[in-house]
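S.K.: The structure is given below, and queries will be raised subsequently.
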2 protein chains.
Amino acid sequence: MKISDTNTNILITGAGLCGALLGLRLAQRGYNVNVLEKRPDMRTKIVDAGRSINLALSDRGLSALKMVGLGDKVKELCIPMKARMIHPKDGKVLTSNYSGRDDDYINSISREDLNKLLLDKADEYKKVQIDFKREITSVDLRQGSVDYKNLEDNQIKHWNPDILLGTDGAGSRVRAAMARQRDFFFSYTTNWLPHAYKELRMPPADDGGWRIDKHALHIWPRGGFMLIALPNLDGSFTMTLFMRRKDSPHSFEEITTDDQVTEFFKEEFPDVYDQIPDLLEQYQRNPVPPLGTVRCSPWAAHGKVLMMGDACHAIVPFYGQGMNAGFEDVLVFDQILEECEDWDDAMNRFSIERKPDTDAIADLALDNFVEMRDSVSHPNFQTKRAIEMKLESAFAKEQYSSKYSLVTFPPEGMGYREAMIKGRAQDKAIIWLIDNNLISVDDNAESLLAAINKKTEEVIWHRN
Amino acid sequence: MKISDTNTNILITGAGLCGALLGLRLAQRGYNVNVLEKRPDMRTKIVDAGRSINLALSDRGLSALKMVGLGDKVKELCIPMKARMIHPKDGKVLTSNYSGRDDDYINSISREDLNKLLLDKADEYKKVQIDFKREITSVDLRQGSVDYKNLEDNQIKHWNPDILLGTDGAGSRVRAAMARQRDFFFSYTTNWLPHAYKELRMPPADDGGWRIDKHALHIWPRGGFMLIALPNLDGSFTMTLFMRRKDSPHSFEEITTDDQVTEFFKEEFPDVYDQIPDLLEQYQRNPVPPLGTVRCSPWAAHGKVLMMGDACHAIVPFYGQGMNAGFEDVLVFDQILEECEDWDDAMNRFSIERKPDTDAIADLALDNFVEMRDSVSHPNFQTKRAIEMKLESAFAKEQYSSKYSLVTFPPEGMGYREAMIKGRAQDKAIIWLIDNNLISVDDNAESLLAAINKKTEEVIWHRN
């Protein structure tokens with residue numbers, strides 16, 4: 001199938017964040033695009049996505065949105081978060097900027113608002129058709145075709161497009177079909193954390209404003225578990241409690257009765273307890289979704305089918321990169337379409353070239369859970385951050401960026417994998433230099449940078 | 001279920017190497033043991049196991065065989081292999097001992113002979129009953145029960161034991177049941193190598209002897225692919241060609257016709273080509289099984305079911321440890337049964353404590369494929385081995401053992417994980433010391449050991 005042939009019929013399974021952006025982009029490229037979405041249209045019905053209510057949108061995701069011409073529009077939905085605000089048990093709040101550069105910050109955004117923005121934009125293109133309440137019931141990888149059920153009338157229909165793109169999320173039917181088939185060897189991993197999460201809403205203050213600092217991502221790190229909060233435009237915060245499912249006194253299995261919940265919050269999050277009048281109702285009502293990592297290979301099949309986003313690389317949320325990685329998929333795939341002639345080549349290239357980066361962000365996201373839960377405990381944490389701030393404000397991105405910045409505010413063209421390798425070595429180097437009293441915040445930026453770069457190189461060598 | 005209660009009825013799925021040893025050991029402990037095996041009894045029928053014909057039995061496996069009283073008997077089936085014999089293309093054969101200690105060697109053994117030995121020994125115990133041609137058709141994890149088909153009369157029967165132990169290999173039905181259920185979160189990985197293998201038989205010489213050195217494991221390393229050979233008691237060798245399935249001129253997809261096979265062997269393995277008169281018939285007839293790694297967690301379910309061996313940790317064959325790891329499972333589980341009161345605790349403890357070691361040998365086995373394929377190419381390989389030989393002959397196991405020895409001839413009580421961490425760091429340290437001309441074979445053993453230990457510590461620090 002020639003990429004240049006815009007008569008190509010493309011079917012996308014799933015109109016979530018990744019699928020909607022992908023459909024929009026391919027319509028902009030002039031293809032005939034159809035999208036099948038199991039859920040009702042969130043613009044006409046209230047849809048419980050059963051997924052996180054708000055998300056952190058950062059540079060990688062923004063680049064993809066700029067590509068489709070939504071760079072400015074999306075800003076209206078964003079609440080900039082310039083810092084982590086860490087709430088220790090003793091209440092002495094610690095603020096830690098995400099970057100030493102003022103224009104580097106992450107954005108709190110509503111999943112629903114962003115998804116609607118993408119759907120509305122897609123509707124501007126005659127060549128894209130999105131059908132809701134259509135559930136995929138089976139996938140034929142060789143044909144690149146699907147059967148789907150119209151949830152309005154329960155009729156099963158068959159659809160055989162030229163190209164089938166699976167953006168049907170972590171529970172992907174397309175991936176399931178790949179795991180079942182025997183035409184090629186499909187490697188796959190599903191890894192569950194012992195932790196799950198529960199979302200809670202902190203309502204606006206009586207004056208309609210935000211009860212805690214609006215321009216920060218709030219963290220209550222407690223070691224084995226933690227609470228976080230991201231702001232919403234309506235003055236509320238969406239809080240997420242991450243805790244073990246079982247095998248701990250601090251687990252969803254052990255903390256169930258109203259008394260237990262009350263005691264737990266009064267003990268662990270006293271400042272929060274006062275801010276959520278209907279805490280108990282929410283805690284008892286809201287679900288406890290699991291947290292998992294999905295990896296697989298290949299992502300492409302028979303030159304007709306390709307997966308993107310969570311369908312082939314679902315990750316845990318602790319680096320705030322799940323959506324950004326899915327959006328970056330679309331950006332990377334768009335570039336590959338520029339460079340290839342055939343869909344077959346493009347899909348195989350994407351499958352091979354993109355995977356090392358999504359494997360890396362999967363690992364980084366797992367690491368970061370520990371870092372967030374313990375973020376105040378490391379004695380040199382603040383010294384390290386102070387040194388990194390100093391360097392980031394003194395030098396350009398390309399000269400120095402912390403691991404967090406390499407991942408979240410990347411220098412031009414740096415993928416997740418390169419960010420991981422460099423960032424991890426740098427972290428280790430800085431901690432070692434501090435522990436051995438070889439650097440201090442008061443050193444001048446040039447000598448700090450030189451010492452850190454030297455030790456970083458050494459660590460990278462030892463690790464490889 | 002109390003471990004002390006020997007009236008406990010235990011059902012084992014699979015009478016392969018691990019299942020037969022496990023059944024034997026549990027019978028020795030006095031339990032009522034039943035084993036269901038899909039295949040016919042290999043002692044009465046010729047069974048194409050569809051798996052490697054001979055294997056490398058080493059210390060970890062031998063310890064388990066000693067536990068059940070087969071330490072001496074098994075020796076009669078073993079052909080000691082004291083060295084790797086490496087056959088470069090130019091024909092100048094290089095011999096590299098496995099250890100600097102004379103009593104440390106691996107053994108070539110027939111999978112079938114060893115399995116028969118275990119089955120015969122098990123038959124000596126009235127309390128163990130092994131039924132062949134019984135195929136598990138479904139597994140109920142909550143009940144700890146199975147349905148199975150009697151392949152003689154195709155009747156389906158139900159069996160509900162007190163304890164269900166799954167030793168049904170890499171394609172485990174028990175593991176499949178765990179992946180399907182939703183009572184608990186089951187993490188699982190299946191990873192396929194791009195390489196597959198084909199076995200070929202080098203017949204005995206005309207005088208009935210072995211055509212190449214009997215007491216070595218032979219390797220023809222060729223970078224992207226390799227050929228190996230293990231001796232059999234009848235004077236033949238079982239050779240295994242490891243090569244990519246596709247995407248290379250040297251792949252099973254590209255080398256198919258008689259002419260291609262002939263040209264390939266004449267070019268790459270000229271010394272072997274002359275030794276296998278019916279090479280073409282064998283190449284065209286023999287299957288090309290894939291090579292995969294299976295990991296999962298947990299191994300235990302509902303206090304009634306536990307997996308062991310390949311069922312929960314199948315690995316690639318390049319460290320010769322697959323069978324040894326399965327046998328060591330039985331040894332480790334036997335010790336845990338000594339220390340626990342309830343089956344539930346014992347099974348959970350095994351699942352949690354054993355996994356880090358089987359994860360480690362899975363990684364080591366993958367690493368070793370690269371090492372074997374390239375083993376002559378590294379300039380300092382021979383110097384490194386010479387230094388390690390010198391240290392192993394000079395010091396006790398506990399003072400110095402190479403990575404290979406730590407894994408294969410372990411110091412008392414050293415698991416795979418500890419062997420991996422120490423062995424990898426040691427390898428890196430020695431290569432670095434050689435590359436920087438800081439050590440040489442002529443140094444005295446004490447100073448060599450001191451330098452290597454110091455650098456090894458440094459590498460371990462950097463890696464953690």
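In the structure tokens, the first chain shown is A, the next is B, and so on; residue numbers restart at 1 for each chain, and ligands run from 1 in the order shown.
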When you get a sec, could you note down which chain B residues fall within 7 Å of chain A, using only C-alpha atoms, as a ChimeraX atom specification?

M.R.: /B:185,187-192,459,462-463

S.K.: Compile the contact shell of Ala451 of chain B as a list in words: residues with an atom at most 9 Å away, counting only C-alpha atoms, same-chain residues fewer than 2 positions apart removed.

M.R.: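 Result of the neighbour search: Ala429, Ile430, Leu433, Leu438, Ile439, Glu446, Ser447, Leu448, Leu449, Asn453, Lys454, Lys455 and Thr456 of chain B.
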
S.K.: Find the residues near Asn54 of chain A: any atom within 6 Å, counting only C-alpha atoms, skip ones fewer than 4 places away on the same chain, and give them as a list of chain:residue names.

M.R.: A:Ile109, A:Ser110, A:Arg111

S.K.: Do a neighbour search on segment 398-405 of chain B at 7 Å with only C-alpha atoms, toss out local chain neighbours closer than 6 positions, and write the hits as a PyMOL selection string.

M.R.: chain B and resi 99+388+391-392+411+419+423-424

S.K.: So that I can check the surroundings of Tyr197 of chain B, please list as a list of chain:residue names every protein, DNA and RNA residue that reaches within 7 Å of it, counting only C-alpha atoms and ignoring chain neighbours fewer than 6 positions away.

M.R.: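 Surrounding residues, per the criterion: B:Thr240, B:Leu241, B:Phe242, B:Met243, B:Val288, B:Pro289, B:Pro290.
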
S.K.: Can you spit out the residues from that selection as an mmCIF file, in the first residue's frame, using N, CA, C and O atoms?

M.R.:
```
data_model
loop_
_atom_site.group_PDB
_atom_site.id
_atom_site.type_symbol
_atom_site.label_atom_id
_atom_site.label_comp_id
_atom_site.auth_asym_id
_atom_site.auth_seq_id
_atom_site.Cartn_x
_atom_site.Cartn_y
_atom_site.Cartn_z
ATOM 1 N N THR B 240 23.469 -28.934 17.613
ATOM 2 C CA THR B 240 22.349 -28.002 17.534
ATOM 3 C C THR B 240 22.774 -26.738 16.811
ATOM 4 O O THR B 240 23.756 -26.105 17.205
ATOM 5 N N LEU B 241 22.065 -26.420 15.742
ATOM 6 C CA LEU B 241 22.321 -25.198 14.985
ATOM 7 C C LEU B 241 21.367 -24.120 15.485
ATOM 8 O O LEU B 241 20.146 -24.294 15.433
ATOM 9 N N PHE B 242 21.919 -23.034 16.034
ATOM 10 C CA PHE B 242 21.120 -21.886 16.476
ATOM 11 C C PHE B 242 21.262 -20.781 15.446
ATOM 12 O O PHE B 242 22.383 -20.351 15.137
ATOM 13 N N MET B 243 20.158 -20.349 14.881
ATOM 14 C CA MET B 243 20.201 -19.389 13.774
ATOM 15 C C MET B 243 18.906 -18.599 13.765
ATOM 16 O O MET B 243 17.874 -19.070 14.249
ATOM 17 N N VAL B 288 12.118 -27.000 13.639
ATOM 18 C CA VAL B 288 12.848 -25.787 14.029
ATOM 19 C C VAL B 288 12.107 -25.116 15.182
ATOM 20 O O VAL B 288 11.367 -24.152 14.999
ATOM 21 N N PRO B 289 12.264 -25.658 16.396
ATOM 22 C CA PRO B 289 11.540 -25.080 17.545
ATOM 23 C C PRO B 289 12.044 -23.674 17.866
ATOM 24 O O PRO B 289 13.201 -23.351 17.606
ATOM 25 N N PRO B 290 11.154 -22.842 18.411
ATOM 26 C CA PRO B 290 11.549 -21.495 18.815
ATOM 27 C C PRO B 290 12.273 -21.523 20.156
ATOM 28 O O PRO B 290 12.341 -22.559 20.815
#
```

S.K.: Would you please work out which residue, of B:Thr95, B:Phe132, B:Arg285, B:Gly19, is nearest to Arg39 of chain B when using only C-alpha atoms?

M.R.: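 Using only C-alpha atoms, Arg39 of chain B sits closest to B:Phe132.
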
S.K.: Nearest to Pro161 of chain A: which of A:Phe333, A:Tyr31, A:Tyr98, A:Trp299 is it, counting only C-alpha atoms?

M.R.: A:Tyr31

S.K.: Using only C-alpha atoms, which protein or nucleic acid residues come within 8 Å of Leu306 of chain B? Drop anything in the same chain fewer than 4 positions from it, and give the result as a list of chain:residue names.

M.R.: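 These residues fall inside the cut-off: B:Leu164, B:Leu165, B:Gly166, B:Trp299, B:Ala300, B:Ala301, B:Met347, B:Ser351.
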
S.K.: Would you put the residues from that selection into a file with all heavy atoms, as an mmCIF file, in the first residue's frame?

M.R.:
```cif
data_model
loop_
_atom_site.group_PDB
_atom_site.id
_atom_site.type_symbol
_atom_site.label_atom_id
_atom_site.label_comp_id
_atom_site.auth_asym_id
_atom_site.auth_seq_id
_atom_site.Cartn_x
_atom_site.Cartn_y
_atom_site.Cartn_z
ATOM 1 N N LEU B 164 -2.387 -29.096 44.146
ATOM 2 C CA LEU B 164 -2.114 -29.258 42.714
ATOM 3 C C LEU B 164 -0.783 -28.594 42.380
ATOM 4 O O LEU B 164 -0.612 -27.396 42.628
ATOM 5 C CB LEU B 164 -3.236 -28.618 41.884
ATOM 6 C CG LEU B 164 -3.053 -28.632 40.363
ATOM 7 C CD1 LEU B 164 -3.082 -30.055 39.827
ATOM 8 C CD2 LEU B 164 -4.138 -27.787 39.691
ATOM 9 N N LEU B 165 0.153 -29.381 41.847
ATOM 10 C CA LEU B 165 1.467 -28.842 41.495
ATOM 11 C C LEU B 165 1.651 -28.904 39.983
ATOM 12 O O LEU B 165 1.596 -29.986 39.393
ATOM 13 C CB LEU B 165 2.566 -29.626 42.213
ATOM 14 C CG LEU B 165 2.467 -29.600 43.744
ATOM 15 C CD1 LEU B 165 3.557 -30.473 44.370
ATOM 16 C CD2 LEU B 165 2.576 -28.168 44.273
ATOM 17 N N GLY B 166 1.847 -27.738 39.364
ATOM 18 C CA GLY B 166 1.960 -27.658 37.905
ATOM 19 C C GLY B 166 3.403 -27.705 37.446
ATOM 20 O O GLY B 166 4.153 -26.760 37.604
ATOM 21 N N TRP B 299 3.542 -17.573 41.519
ATOM 22 C CA TRP B 299 3.548 -18.966 41.059
ATOM 23 C C TRP B 299 2.491 -19.796 41.795
ATOM 24 O O TRP B 299 2.191 -20.913 41.395
ATOM 25 C CB TRP B 299 4.925 -19.595 41.295
ATOM 26 C CG TRP B 299 6.037 -18.973 40.503
ATOM 27 C CD1 TRP B 299 5.915 -18.088 39.458
ATOM 28 C CD2 TRP B 299 7.449 -19.181 40.683
ATOM 29 N NE1 TRP B 299 7.152 -17.744 38.985
ATOM 30 C CE2 TRP B 299 8.115 -18.399 39.711
ATOM 31 C CE3 TRP B 299 8.197 -19.958 41.572
ATOM 32 C CZ2 TRP B 299 9.507 -18.370 39.605
ATOM 33 C CZ3 TRP B 299 9.589 -19.931 41.470
ATOM 34 C CH2 TRP B 299 10.230 -19.145 40.492
ATOM 35 N N ALA B 300 1.994 -19.234 42.891
ATOM 36 C CA ALA B 300 1.048 -19.962 43.744
ATOM 37 C C ALA B 300 -0.331 -19.316 43.674
ATOM 38 O O ALA B 300 -0.448 -18.116 43.413
ATOM 39 C CB ALA B 300 1.535 -19.978 45.183
ATOM 40 N N ALA B 301 -1.382 -20.110 43.892
ATOM 41 C CA ALA B 301 -2.749 -19.577 43.851
ATOM 42 C C ALA B 301 -3.635 -20.237 44.894
ATOM 43 O O ALA B 301 -3.646 -21.471 45.020
ATOM 44 C CB ALA B 301 -3.349 -19.791 42.450
ATOM 45 N N MET B 347 3.986 -22.629 49.809
ATOM 46 C CA MET B 347 3.853 -22.319 48.384
ATOM 47 C C MET B 347 4.072 -20.834 48.131
ATOM 48 O O MET B 347 4.755 -20.452 47.184
ATOM 49 C CB MET B 347 2.497 -22.805 47.877
ATOM 50 C CG MET B 347 2.405 -24.332 47.893
ATOM 51 S SD MET B 347 0.990 -25.002 46.990
ATOM 52 C CE MET B 347 -0.305 -24.619 48.144
ATOM 53 N N SER B 351 7.155 -19.148 46.030
ATOM 54 C CA SER B 351 6.858 -18.233 44.925
ATOM 55 C C SER B 351 7.619 -16.923 45.074
ATOM 56 O O SER B 351 8.124 -16.374 44.094
ATOM 57 C CB SER B 351 5.354 -17.958 44.890
ATOM 58 O OG SER B 351 5.033 -16.994 43.922
#
```

S.K.: Just asking: which residues within segment 19-190 of chain B are strand (DSSP E) according to DSSP, as number ranges by chain?

M.R.: B: 32-36, 54-57, 79-81, 83-86, 94-97, 106-110, 128-131, 134-140, 145-150, 155-159, 163-166, 187-190

S.K.: With a distance cut-off of 8 Å and only C-alpha atoms, select the neighbouring residues of Arg134 of chain A, excluding the residue or stretch itself and same-chain residues fewer than 3 positions from it, and output the selection as a ChimeraX atom specification.

M.R.: /A:36-39,131,148-151

S.K.: Since we have the selection now, will you write its residues out, keeping C-alpha atoms, as a short mmCIF file (atom, residue, chain, number, x, y, z; two decimals), in the first residue's frame?

M.R.:
```
data_model
loop_
_atom_site.label_atom_id
_atom_site.label_comp_id
_atom_site.auth_asym_id
_atom_site.auth_seq_id
_atom_site.Cartn_x
_atom_site.Cartn_y
_atom_site.Cartn_z
CA LEU A 36 -14.72 3.14 16.02
CA GLU A 37 -15.19 3.98 19.71
CA LYS A 38 -16.89 1.72 22.25
CA ARG A 39 -18.02 4.54 24.53
CA ASP A 131 -18.66 6.29 15.18
CA TYR A 148 -17.72 -4.83 15.68
CA LYS A 149 -21.00 -4.57 17.50
CA ASN A 150 -23.21 -1.52 17.17
CA LEU A 151 -24.25 -1.05 20.81
#
```

S.K.: Using only C-alpha atoms, pick whichever of B:Ala445, B:Val330, B:Leu11, B:Leu118 has the shortest atom-to-atom distance to Ala386 of chain B.

M.R.: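 Of the candidates, the smallest distance to Ala386 of chain B is held by B:Ala445.
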
S.K.: Which is closest to Met1 of chain A among A:Met202, A:Asn380, A:Asp162, A:Val316, if we use only C-alpha atoms?

M.R.: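 Among the listed residues, A:Asp162 lies closest to Met1 of chain A.
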